[in-house]
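Content type PDB, C-alpha atoms, from the file coords_16.pdb:
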```pdb
ATOM      1  CA  MET G   1       1.031  28.079 -12.401
ATOM      2  CA  PHE G   2       2.819  25.056 -13.840
ATOM      3  CA  PHE G   3       0.920  21.809 -14.412
ATOM      4  CA  SER G   4       2.620  18.504 -15.181
ATOM      5  CA  LYS G   5       1.468  16.364 -18.117
ATOM      6  CA  THR G   6      -0.422  14.143 -15.692
ATOM      7  CA  ALA G   7      -2.178  17.151 -14.158
ATOM      8  CA  MET G   8      -3.120  18.468 -17.623
ATOM      9  CA  MET G   9      -4.628  15.089 -18.476
ATOM     10  CA  TYR G  10      -6.701  15.194 -15.283
ATOM     11  CA  LEU G  11      -7.917  18.720 -16.082
ATOM     12  CA  ARG G  12      -8.768  17.811 -19.672
ATOM     13  CA  HIS G  13     -10.993  14.928 -18.536
ATOM     14  CA  GLY G  14     -12.515  16.787 -15.603
ATOM     15  CA  ILE G  15     -10.818  14.612 -13.022
ATOM     16  CA  LYS G  16      -9.860  16.059  -9.675
ATOM     17  CA  ILE G  17      -6.082  16.535  -9.441
ATOM     18  CA  PRO G  18      -4.570  14.329  -6.716
ATOM     19  CA  PRO G  19      -3.080  16.338  -3.863
ATOM     20  CA  ARG G  20       0.640  16.925  -3.834
ATOM     21  CA  VAL G  21       2.436  14.845  -1.219
ATOM     22  CA  PRO G  22       4.582  17.069   1.048
ATOM     23  CA  LEU G  23       8.138  15.866   1.497
ATOM     24  CA  LEU G  24      10.379  18.639   2.843
ATOM     25  CA  ARG G  25       8.442  19.235   6.059
ATOM     26  CA  PRO G  26       8.239  15.519   6.969
ATOM     27  CA  VAL G  27      11.975  15.179   6.347
ATOM     28  CA  LEU G  28      12.803  18.188   8.541
ATOM     29  CA  TRP G  29      10.378  17.057  11.244
ATOM     30  CA  SER G  30      11.872  13.551  11.219
ATOM     31  CA  ALA G  31      15.408  14.904  11.569
ATOM     32  CA  ALA G  32      14.369  17.126  14.484
ATOM     33  CA  ALA G  33      12.346  14.374  16.176
ATOM     34  CA  CYS G  34      15.100  11.758  15.907
ATOM     35  CA  SER G  35      17.668  14.246  17.218
ATOM     36  CA  GLY G  36      15.410  15.160  20.135
ATOM     37  CA  ILE G  37      14.730  11.518  20.980
ATOM     38  CA  TYR G  38      18.412  10.590  20.934
ATOM     39  CA  LEU G  39      19.535  13.606  22.959
ATOM     40  CA  SER G  40      16.740  13.214  25.528
ATOM     41  CA  LEU G  41      17.312   9.507  26.130
ATOM     42  CA  ALA G  42      21.093   9.964  26.040
ATOM     43  CA  ALA G  43      20.746  12.639  28.734
ATOM     44  CA  TYR G  44      18.608  10.307  30.845
ATOM     45  CA  ASP G  45      21.134   7.495  30.368
ATOM     46  CA  ALA G  46      24.125   9.677  31.233
ATOM     47  CA  TYR G  47      22.326  11.145  34.275
ATOM     48  CA  SER G  48      21.474   7.646  35.542
ATOM     49  CA  ASP G  49      25.090   6.588  35.088
ATOM     50  CA  ALA G  50      26.289   9.696  36.934
ATOM     51  CA  ARG G  51      24.097   8.963  39.950
ATOM     52  CA  ARG G  52      25.214   5.344  40.008
ATOM     53  CA  ALA G  53      28.852   6.393  39.562
ATOM     54  CA  ARG G  54      28.717   8.730  42.557
ATOM     55  CA  ALA G  55      27.311   5.963  44.737
ATOM     56  CA  ASN G  56      29.893   3.416  43.542
ATOM     57  CA  ALA G  57      32.775   5.879  43.889
ATOM     58  CA  GLN G  58      31.816   6.743  47.470
ATOM     59  CA  SER G  59      31.529   3.073  48.401
ATOM     60  CA  ARG G  60      35.107   2.546  47.113
ATOM     61  CA  GLY G  61      36.488   5.547  48.967
ATOM     62  CA  HIS G  62      36.951   7.682  45.855
ATOM     63  CA  LYS G  63      36.631  11.247  47.144
ATOM     64  CA  LYS G  64      37.385  13.274  44.027
ATOM     65  CA  PRO G  65      34.349  14.606  42.118
ATOM     66  CA  ILE G  66      33.480  12.845  38.874
ATOM     67  CA  ARG G  67      33.851  15.395  36.098
ATOM     68  CA  THR G  68      33.954  13.474  32.822
ATOM     69  CA  LEU G  69      31.704  11.015  31.046
ATOM     70  CA  GLU G  70      34.577   8.528  30.938
ATOM     71  CA  GLU G  71      34.796   8.561  34.751
ATOM     72  CA  THR G  72      31.037   8.202  34.930
ATOM     73  CA  GLU G  73      31.155   5.134  32.721
ATOM     74  CA  ARG G  74      34.097   3.663  34.640
ATOM     75  CA  PHE G  75      32.371   3.904  38.009
ATOM     76  CA  GLY G  76      28.752   3.737  36.885
ATOM     77  CA  ARG G  77      29.028   0.759  34.563
ATOM     78  CA  SER G  78      31.783  -1.299  36.139
ATOM     79  CA  SER G  79      29.146  -3.420  37.836
ATOM     80  CA  VAL G  80      27.463  -4.216  34.512
ATOM     81  CA  PHE G  81      30.122  -5.622  32.180
ATOM     82  CA  GLY G  82      33.298  -4.799  34.081
ATOM     83  CA  PRO G  83      36.063  -7.144  35.214
ATOM     84  CA  ASN G  84      34.473  -7.639  38.634
ATOM     85  CA  SER G  85      31.158  -8.780  37.224
ATOM     86  CA  THR G  86      30.046 -12.311  37.959
ATOM     87  CA  ARG G  87      28.288 -14.559  35.507
ATOM     88  CA  THR G  88      25.135 -14.375  37.620
ATOM     89  CA  SER G  89      25.113 -10.563  37.755
ATOM     90  CA  VAL G  90      25.604 -10.238  33.985
ATOM     91  CA  THR G  91      22.868 -12.807  33.326
ATOM     92  CA  ASP G  92      20.484 -10.955  35.618
ATOM     93  CA  ILE G  93      21.280  -7.605  33.981
ATOM     94  CA  ILE G  94      20.755  -9.034  30.490
ATOM     95  CA  ALA G  95      17.437 -10.626  31.475
ATOM     96  CA  ALA G  96      16.245  -7.392  33.107
ATOM     97  CA  ALA G  97      17.203  -5.345  30.024
ATOM     98  CA  GLN G  98      15.362  -7.747  27.735
ATOM     99  CA  GLN G  99      12.253  -7.597  29.897
ATOM    100  CA  ARG G 100      12.301  -3.793  30.154
ATOM    101  CA  ALA G 101      12.811  -3.242  26.433
ATOM    102  CA  THR G 102      10.306  -5.851  25.250
ATOM    103  CA  GLY G 103       7.760  -5.068  27.948
ATOM    104  CA  GLY G 104       7.999  -1.322  27.344
ATOM    105  CA  VAL G 105       7.383  -1.514  23.599
ATOM    106  CA  MET G 106       4.603  -4.094  23.977
ATOM    107  CA  ALA G 107       2.938  -2.081  26.757
ATOM    108  CA  ILE G 108       2.772   1.074  24.624
ATOM    109  CA  THR G 109       1.430  -0.945  21.691
ATOM    110  CA  ALA G 110      -1.215  -2.599  23.870
ATOM    111  CA  PHE G 111      -2.242   0.769  25.327
ATOM    112  CA  VAL G 112      -2.713   2.281  21.861
ATOM    113  CA  ALA G 113      -4.673  -0.801  20.759
ATOM    114  CA  ALA G 114      -6.956  -0.483  23.785
ATOM    115  CA  LEU G 115      -7.384   3.220  23.077
ATOM    116  CA  GLY G 116      -8.440   2.345  19.532
ATOM    117  CA  LEU G 117     -11.087  -0.067  20.834
ATOM    118  CA  ILE G 118     -12.462   2.508  23.271
ATOM    119  CA  ASN G 119     -12.335   5.417  20.819
ATOM    120  CA  PRO G 120     -11.932   4.283  17.180
ATOM    121  CA  ALA G 121     -11.520   7.911  16.076
ATOM    122  CA  SER G 122      -8.138   8.007  17.828
ATOM    123  CA  THR G 123      -6.751   5.648  15.206
ATOM    124  CA  THR G 124      -7.383   8.258  12.522
ATOM    125  CA  PHE G 125      -5.492  10.829  14.565
ATOM    126  CA  LEU G 126      -2.525   8.507  15.234
ATOM    127  CA  ALA G 127      -2.157   6.649  11.907
ATOM    128  CA  HIS G 128      -0.066   8.287   9.210
ATOM    129  CA  SER G 129      -1.541   9.623   5.982
ATOM    130  CA  THR G 130       0.643  10.992   3.213
ATOM    131  CA  ILE G 131      -1.800  13.804   2.416
ATOM    132  CA  SER G 132      -2.980  14.812   5.893
ATOM    133  CA  GLY G 133      -0.150  17.285   6.457
ATOM    134  CA  ALA G 134       0.417  15.926   9.981
ATOM    135  CA  ASN G 135       3.979  14.981  10.860
ATOM    136  CA  HIS G 136       3.582  13.616  14.390
ATOM    137  CA  THR G 137       1.918  10.549  12.905
ATOM    138  CA  LEU G 138       5.293   9.426  11.523
ATOM    139  CA  LEU G 139       5.976   8.407  15.140
ATOM    140  CA  THR G 140       2.541   7.631  16.567
ATOM    141  CA  SER G 141       1.657   5.332  13.649
ATOM    142  CA  VAL G 142       4.378   2.929  14.835
ATOM    143  CA  PHE G 143       2.077   1.836  17.668
ATOM    144  CA  VAL G 144      -1.177   1.768  15.652
ATOM    145  CA  HIS G 145      -2.351  -1.436  13.967
ATOM    146  CA  SER G 146      -5.053  -2.067  11.406
ATOM    147  CA  GLY G 147      -6.613  -5.091  13.100
ATOM    148  CA  LEU G 148      -6.105  -7.992  15.480
ATOM    149  CA  VAL G 149      -4.091 -10.066  12.996
ATOM    150  CA  HIS G 150      -1.757  -7.142  12.283
ATOM    151  CA  LEU G 151      -1.417  -6.502  16.016
ATOM    152  CA  ALA G 152      -0.773 -10.180  16.827
ATOM    153  CA  VAL G 153       1.908 -10.560  14.138
ATOM    154  CA  ASN G 154       3.796  -7.479  15.312
ATOM    155  CA  MET G 155       3.440  -8.430  18.978
ATOM    156  CA  TYR G 156       5.016 -11.776  18.136
ATOM    157  CA  GLY G 157       7.757  -9.922  16.271
ATOM    158  CA  MET G 158       8.438  -7.786  19.353
ATOM    159  CA  TYR G 159       8.603 -10.879  21.548
ATOM    160  CA  ALA G 160      11.014 -12.648  19.173
ATOM    161  CA  ILE G 161      13.235  -9.814  17.894
ATOM    162  CA  ILE G 162      13.653  -7.267  20.701
ATOM    163  CA  PRO G 163      15.350  -9.560  23.289
ATOM    164  CA  PRO G 164      18.321 -10.543  21.057
ATOM    165  CA  ALA G 165      18.533  -7.009  19.655
ATOM    166  CA  VAL G 166      18.854  -5.237  23.007
ATOM    167  CA  VAL G 167      21.750  -7.478  24.112
ATOM    168  CA  SER G 168      23.566  -7.301  20.763
ATOM    169  CA  PRO G 169      27.024  -5.646  20.619
ATOM    170  CA  THR G 170      25.333  -2.497  19.301
ATOM    171  CA  PHE G 171      23.219  -1.906  22.443
ATOM    172  CA  ARG G 172      24.928  -4.010  25.142
ATOM    173  CA  ALA G 173      21.787  -4.169  27.300
ATOM    174  CA  ASP G 174      21.469  -0.359  27.271
ATOM    175  CA  VAL G 175      17.679   0.021  27.245
ATOM    176  CA  PRO G 176      17.541   3.822  26.699
ATOM    177  CA  HIS G 177      19.812   3.397  23.676
ATOM    178  CA  PHE G 178      17.544   0.705  22.280
ATOM    179  CA  PHE G 179      14.432   2.831  22.847
ATOM    180  CA  ALA G 180      16.065   5.766  21.057
ATOM    181  CA  PHE G 181      16.926   3.511  18.128
ATOM    182  CA  PHE G 182      13.504   1.839  18.010
ATOM    183  CA  LEU G 183      11.546   5.107  18.064
ATOM    184  CA  SER G 184      13.844   6.808  15.558
ATOM    185  CA  SER G 185      13.850   3.848  13.174
ATOM    186  CA  GLY G 186      10.070   3.801  13.413
ATOM    187  CA  ILE G 187       9.982   7.457  12.346
ATOM    188  CA  LEU G 188      12.454   6.952   9.498
ATOM    189  CA  SER G 189      10.756   3.809   8.178
ATOM    190  CA  SER G 190       7.452   5.710   8.200
ATOM    191  CA  LEU G 191       9.213   8.473   6.311
ATOM    192  CA  ALA G 192      10.423   5.918   3.733
ATOM    193  CA  LEU G 193       6.823   4.795   3.212
ATOM    194  CA  HIS G 194       5.735   8.427   2.935
ATOM    195  CA  ALA G 195       8.445   9.165   0.367
ATOM    196  CA  SER G 196       7.357   6.199  -1.760
ATOM    197  CA  ALA G 197       4.110   8.064  -2.492
ATOM    198  CA  VAL G 198       6.126  10.712  -4.331
ATOM    199  CA  TRP G 199       7.422   8.170  -6.847
ATOM    200  CA  PRO G 200       5.957   8.753 -10.341
ATOM    201  CA  GLY G 201       2.952   6.583 -11.052
ATOM    202  CA  ARG G 202       2.270   5.813  -7.377
ATOM    203  CA  THR G 203      -0.942   6.800  -5.660
ATOM    204  CA  PRO G 204      -0.498   9.764  -3.308
ATOM    205  CA  TYR G 205      -3.067   8.243  -0.947
ATOM    206  CA  ILE G 206      -1.121   6.006   1.446
ATOM    207  CA  MET G 207      -2.145   5.197   5.001
ATOM    208  CA  GLY G 208       0.603   3.719   7.157
ATOM    209  CA  CYS G 209       0.573   2.088  10.567
ATOM    210  CA  GLY G 210       2.375  -0.633  12.480
ATOM    211  CA  ALA G 211       5.715  -1.339  14.135
ATOM    212  CA  SER G 212       7.071  -3.559  11.372
ATOM    213  CA  GLY G 213       9.501  -0.932  10.036
ATOM    214  CA  ALA G 214      11.110  -0.516  13.468
ATOM    215  CA  LEU G 215      11.115  -4.290  13.964
ATOM    216  CA  TYR G 216      12.871  -4.766  10.626
ATOM    217  CA  ALA G 217      15.495  -2.278  11.818
ATOM    218  CA  ALA G 218      15.995  -4.290  15.019
ATOM    219  CA  LEU G 219      16.170  -7.459  12.928
ATOM    220  CA  GLY G 220      18.911  -5.853  10.820
ATOM    221  CA  VAL G 221      20.943  -5.232  13.989
ATOM    222  CA  VAL G 222      20.468  -8.857  15.067
ATOM    223  CA  GLY G 223      21.459 -10.061  11.601
ATOM    224  CA  VAL G 224      24.738  -8.155  11.659
ATOM    225  CA  ALA G 225      25.538  -9.555  15.110
ATOM    226  CA  ASN G 226      24.545 -13.144  14.239
ATOM    227  CA  PRO G 227      24.847 -13.638  10.462
ATOM    228  CA  ASP G 228      25.047 -17.434  10.688
ATOM    229  CA  ALA G 229      22.146 -17.926  13.100
ATOM    230  CA  ARG G 230      19.195 -19.641  11.468
ATOM    231  CA  ILE G 231      15.826 -17.945  11.323
ATOM    232  CA  GLY G 232      12.426 -19.062  10.122
ATOM    233  CA  LEU G 233      10.385 -16.896   7.770
ATOM    234  CA  LEU G 234       6.750 -16.298   8.668
ATOM    235  CA  PHE G 235       4.348 -18.722   6.938
ATOM    236  CA  ILE G 236       7.293 -20.460   5.175
ATOM    237  CA  PRO G 237       8.517 -23.877   6.430
ATOM    238  CA  GLY G 238      12.167 -24.421   7.270
ATOM    239  CA  SER G 239      14.855 -21.892   8.158
ATOM    240  CA  LEU G 240      17.693 -19.929   6.574
ATOM    241  CA  PRO G 241      20.944 -18.395   7.819
ATOM    242  CA  MET G 242      20.223 -14.868   8.996
ATOM    243  CA  ARG G 243      22.273 -13.199   6.240
ATOM    244  CA  ASP G 244      20.381 -15.132   3.525
ATOM    245  CA  ALA G 245      17.018 -14.392   5.120
ATOM    246  CA  LEU G 246      17.767 -10.667   5.213
ATOM    247  CA  VAL G 247      18.850 -10.664   1.567
ATOM    248  CA  CYS G 248      15.643 -12.484   0.545
ATOM    249  CA  SER G 249      13.549 -10.064   2.593
ATOM    250  CA  ALA G 250      15.300  -7.036   1.062
ATOM    251  CA  ILE G 251      14.747  -8.324  -2.477
ATOM    252  CA  PHE G 252      11.102  -9.150  -1.760
ATOM    253  CA  ASP G 253      10.404  -5.651  -0.416
ATOM    254  CA  ALA G 254      12.476  -3.852  -3.077
ATOM    255  CA  VAL G 255      10.419  -5.533  -5.806
ATOM    256  CA  GLY G 256       7.218  -4.928  -3.855
ATOM    257  CA  ILE G 257       7.772  -1.172  -3.897
ATOM    258  CA  PHE G 258       7.317  -1.139  -7.669
ATOM    259  CA  VAL G 259       5.237  -4.281  -8.326
ATOM    260  CA  ARG G 260       2.011  -5.020  -6.484
ATOM    261  CA  TYR G 261       2.011  -8.595  -5.202
ATOM    262  CA  PRO G 262      -1.313 -10.463  -5.346
ATOM    263  CA  PHE G 263      -2.857 -11.167  -1.926
ATOM    264  CA  PHE G 264      -0.306  -8.895  -0.187
ATOM    265  CA  ASN G 265      -0.806  -5.315   0.933
ATOM    266  CA  LEU G 266       2.398  -4.608   2.831
ATOM    267  CA  ALA G 267       4.380  -1.466   3.595
ATOM    268  CA  HIS G 268       7.368  -2.585   1.518
ATOM    269  CA  ALA G 269       9.123   0.793   1.605
ATOM    270  CA  ALA G 270       8.899   0.922   5.415
ATOM    271  CA  HIS G 271      10.179  -2.656   5.729
ATOM    272  CA  LEU G 272      13.098  -2.110   3.361
ATOM    273  CA  GLY G 273      13.968   1.275   4.858
ATOM    274  CA  GLY G 274      13.939  -0.125   8.390
ATOM    275  CA  LEU G 275      16.016  -3.164   7.448
ATOM    276  CA  LEU G 276      18.706  -1.128   5.670
ATOM    277  CA  LEU G 277      18.765   1.367   8.539
ATOM    278  CA  GLY G 278      19.315  -1.374  11.120
ATOM    279  CA  ILE G 279      22.070  -3.040   9.099
ATOM    280  CA  ALA G 280      23.855   0.281   8.532
ATOM    281  CA  TYR G 281      23.506   1.294  12.192
ATOM    282  CA  ALA G 282      25.100  -1.931  13.418
ATOM    283  CA  GLN G 283      27.642  -2.274  10.608
ATOM    284  CA  TYR G 284      28.994   1.263  10.740
ATOM    285  CA  GLY G 285      29.131   1.832  14.483
ATOM    286  CA  GLY G 286      25.914   3.628  15.351
ATOM    287  CA  ASN G 287      26.715   3.046  19.019
ATOM    288  CA  LYS G 288      29.981   4.969  18.807
ATOM    289  CA  GLU G 289      29.199   7.482  16.087
ATOM    290  CA  ILE G 290      25.692   8.493  17.192
ATOM    291  CA  TRP G 291      24.783   7.266  20.677
ATOM    292  CA  GLN G 292      28.093   7.958  22.433
ATOM    293  CA  ARG G 293      28.317  11.396  20.835
ATOM    294  CA  ALA G 294      24.781  12.151  22.024
ATOM    295  CA  ARG G 295      25.753  11.013  25.538
ATOM    296  CA  LYS G 296      28.847  13.244  25.556
ATOM    297  CA  LEU G 297      26.898  16.255  24.333
ATOM    298  CA  SER G 298      24.141  15.667  26.896
ATOM    299  CA  PHE G 299      26.633  15.162  29.710
ATOM    300  CA  LYS G 300      28.423  18.424  28.889
ATOM    301  CA  ALA G 301      25.092  20.265  28.835
ATOM    302  CA  MET G 302      24.106  18.817  32.208
ATOM    303  CA  ARG G 303      27.512  19.748  33.633
ATOM    304  CA  LEU G 304      26.979  23.359  32.545
ATOM    305  CA  VAL G 305      23.672  23.616  34.404
ATOM    306  CA  GLY G 306      24.910  21.664  37.425
ATOM    307  CA  LEU G 307      22.776  18.554  37.065
ATOM    308  CA  VAL G 308      25.771  16.212  37.255
TER
END
```
In structure tokens, what does this structure look like?
Amino acid sequence: MFFSKTAMMYLRHGIKIPPRVPLLRPVLWSAAACSGIYLSLAAYDAYSDARRARANAQSRGHKKPIRTLEETERFGRSSVFGPNSTRTSVTDIIAAAQQRATGGVMAITAFVAALGLINPASTTFLAHSTISGANHTLLTSVFVHSGLVHLAVNMYGMYAIIPPAVVSPTFRADVPHFFAFFLSSGILSSLALHASAVWPGRTPYIMGCGASGALYAALGVVGVANPDARIGLLFIPGSLPMRDALVCSAIFDAVGIFVRYPFFNLAHAAHLGGLLLGIAYAQYGGNKEIWQRARKLSFKAMRLVGLV
């Protein structure tokens, strides 16, 4: 058996060797979970569009069966952002999408918070620990919070960030797409926090919880869409252009991964990972390269089994 120099020092002084933080299994689980989330929600989205497309096509006298995803989008989404849409209909659709996305995420968070008050032991099962060996907590920890202040701050973040994110050019009021992104970015930001425990000199004992990583990802999407919009930083007076605020936030968290700030105990790796993920997703066409491909694959699978 091979022992590192640090392990030999622990043995020499009779100190218990810290557990090794697993990394491969969480990475594989995260890849599988994100793929499953995207494909499942893409299938639901494509199926909903197919049903709506059939109804719209029949009302217009189109008798031929709809066989492709492109036809489904042409008939199923023409009433959303198509040429015949009115300003009122688009406004109503945008408002409904914002309410569904924000209300859905906040409802799940509130439910988990209530569950924690009723049965505090559930928090231990849902929060993520780097040494527990559980992988499902990379997702469930997104909706767990360490206290009322933590919960209130993230609830405010959901209220402020999700509405502009879901109507950004990346999501275009597509709520299933936003949910897939939010859940997956929550998993990957949790994974970034988990991976930070592997860094030499870091403690392997890290407990992670909260939606801030996913919210930072959504904020990155908003920042790419509105780089010149001004945003206020929490607890700091005044405002900055979005692009400057994101750069300051990235620097603050990048330094915080390696240097412990006094009076702050934040998940810097999760924040930075989520922010970079959101920026990359919006900047490099996550809608086209990931979501649309997932929709096409799901639609073809549903066509094979006769669901659409």
Ground truth for the PyMOL selection byres ((chain G and resi 41-45) around 6), written as a PDB file with C-alpha atoms, in the coordinates of the input:
```pdb
ATOM      1  CA  TYR G  38      18.412  10.590  20.934  1.00  0.00           C
ATOM      2  CA  LEU G  39      19.535  13.606  22.959  1.00  0.00           C
ATOM      3  CA  SER G  40      16.740  13.214  25.528  1.00  0.00           C
ATOM      4  CA  ALA G  46      24.125   9.677  31.233  1.00  0.00           C
ATOM      5  CA  TYR G  47      22.326  11.145  34.275  1.00  0.00           C
ATOM      6  CA  SER G  48      21.474   7.646  35.542  1.00  0.00           C
ATOM      7  CA  PRO G 176      17.541   3.822  26.699  1.00  0.00           C
ATOM      8  CA  ALA G 294      24.781  12.151  22.024  1.00  0.00           C
ATOM      9  CA  ARG G 295      25.753  11.013  25.538  1.00  0.00           C
ATOM     10  CA  SER G 298      24.141  15.667  26.896  1.00  0.00           C
TER      11      SER G 298
END
```
Check: Around (2.0, 3.5, 14.4) in the file's own coordinates, what residues are found within 7 Å if you use only C-alpha atoms, given back as a PyMOL selection string?
Finding: chain G and resi 126-127+139-145+209-211
Based on the selection just made, write C-alpha atoms of those residues as a PDB file, in the frame of the given file.
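This is the output file selection16.pdb:
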```
ATOM      1  CA  LEU G 126      -2.525   8.507  15.234  1.00  0.00           C
ATOM      2  CA  ALA G 127      -2.157   6.649  11.907  1.00  0.00           C
ATOM      3  CA  LEU G 139       5.976   8.407  15.140  1.00  0.00           C
ATOM      4  CA  THR G 140       2.541   7.631  16.567  1.00  0.00           C
ATOM      5  CA  SER G 141       1.657   5.332  13.649  1.00  0.00           C
ATOM      6  CA  VAL G 142       4.378   2.929  14.835  1.00  0.00           C
ATOM      7  CA  PHE G 143       2.077   1.836  17.668  1.00  0.00           C
ATOM      8  CA  VAL G 144      -1.177   1.768  15.652  1.00  0.00           C
ATOM      9  CA  HIS G 145      -2.351  -1.436  13.967  1.00  0.00           C
ATOM     10  CA  CYS G 209       0.573   2.088  10.567  1.00  0.00           C
ATOM     11  CA  GLY G 210       2.375  -0.633  12.480  1.00  0.00           C
ATOM     12  CA  ALA G 211       5.715  -1.339  14.135  1.00  0.00           C
TER      13      ALA G 211
END
```
Next item on the list: Give as a VMD selection string the set of residues within 12 Å of the point (15.2, -7.4, 25.8), where distances use the file's coordinates and only C-alpha atoms.
Entry: chain G and resid 92 to 106 158 to 168 171 to 179 218
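Using only C-alpha atoms, the nearest neighbour of Ala134 in chain G within the list G:Phe111, G:Trp29, G:Phe181, G:Tyr281 is G:Trp29.
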Next item on the list: Can you turn the PyMOL selection byres ((chain G and resi 272-278) around 7) into a concrete residue list for this file, as a list in words?
Entry: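 For this structure, the PyMOL selection byres ((chain G and resi 272-278) around 7) captures Ser185, Ser189, Ala192, Gly213, Ala214, Tyr216, Ala217, Ala218, Leu219, Gly220, Val221, Ala250, Asp253, Ala254, His268, Ala269, Ala270, His271, Ile279, Ala280, Tyr281 and Ala282 of chain G.
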Non-local contacts of range 18-28 of chain G (8 Å; all atoms listed in the file; under 6 positions in same chain excluded) as a PDB file with C-alpha atoms, in the frame of the given file:
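Produced file result-v3.pdb, reproduced below:
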```pdb
ATOM      1  CA  THR G 130       0.643  10.992   3.213  1.00  0.00           C
ATOM      2  CA  ILE G 131      -1.800  13.804   2.416  1.00  0.00           C
ATOM      3  CA  GLY G 133      -0.150  17.285   6.457  1.00  0.00           C
ATOM      4  CA  ASN G 135       3.979  14.981  10.860  1.00  0.00           C
ATOM      5  CA  LEU G 191       9.213   8.473   6.311  1.00  0.00           C
ATOM      6  CA  HIS G 194       5.735   8.427   2.935  1.00  0.00           C
ATOM      7  CA  ALA G 195       8.445   9.165   0.367  1.00  0.00           C
ATOM      8  CA  ALA G 197       4.110   8.064  -2.492  1.00  0.00           C
ATOM      9  CA  VAL G 198       6.126  10.712  -4.331  1.00  0.00           C
ATOM     10  CA  PRO G 204      -0.498   9.764  -3.308  1.00  0.00           C
TER      11      PRO G 204
END
```
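In this model, the gap between CA of Leu117 in chain G and CA of Asn154 in chain G comes to 17.5 Å.
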Note to self: One decimal, in Å: what's the spacing between CA of Asp244 in chain G and CA of Gln283 in chain G?
What the structure shows: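 Between CA of Asp244 in chain G and CA of Gln283 in chain G the gap works out to 16.4 Å.
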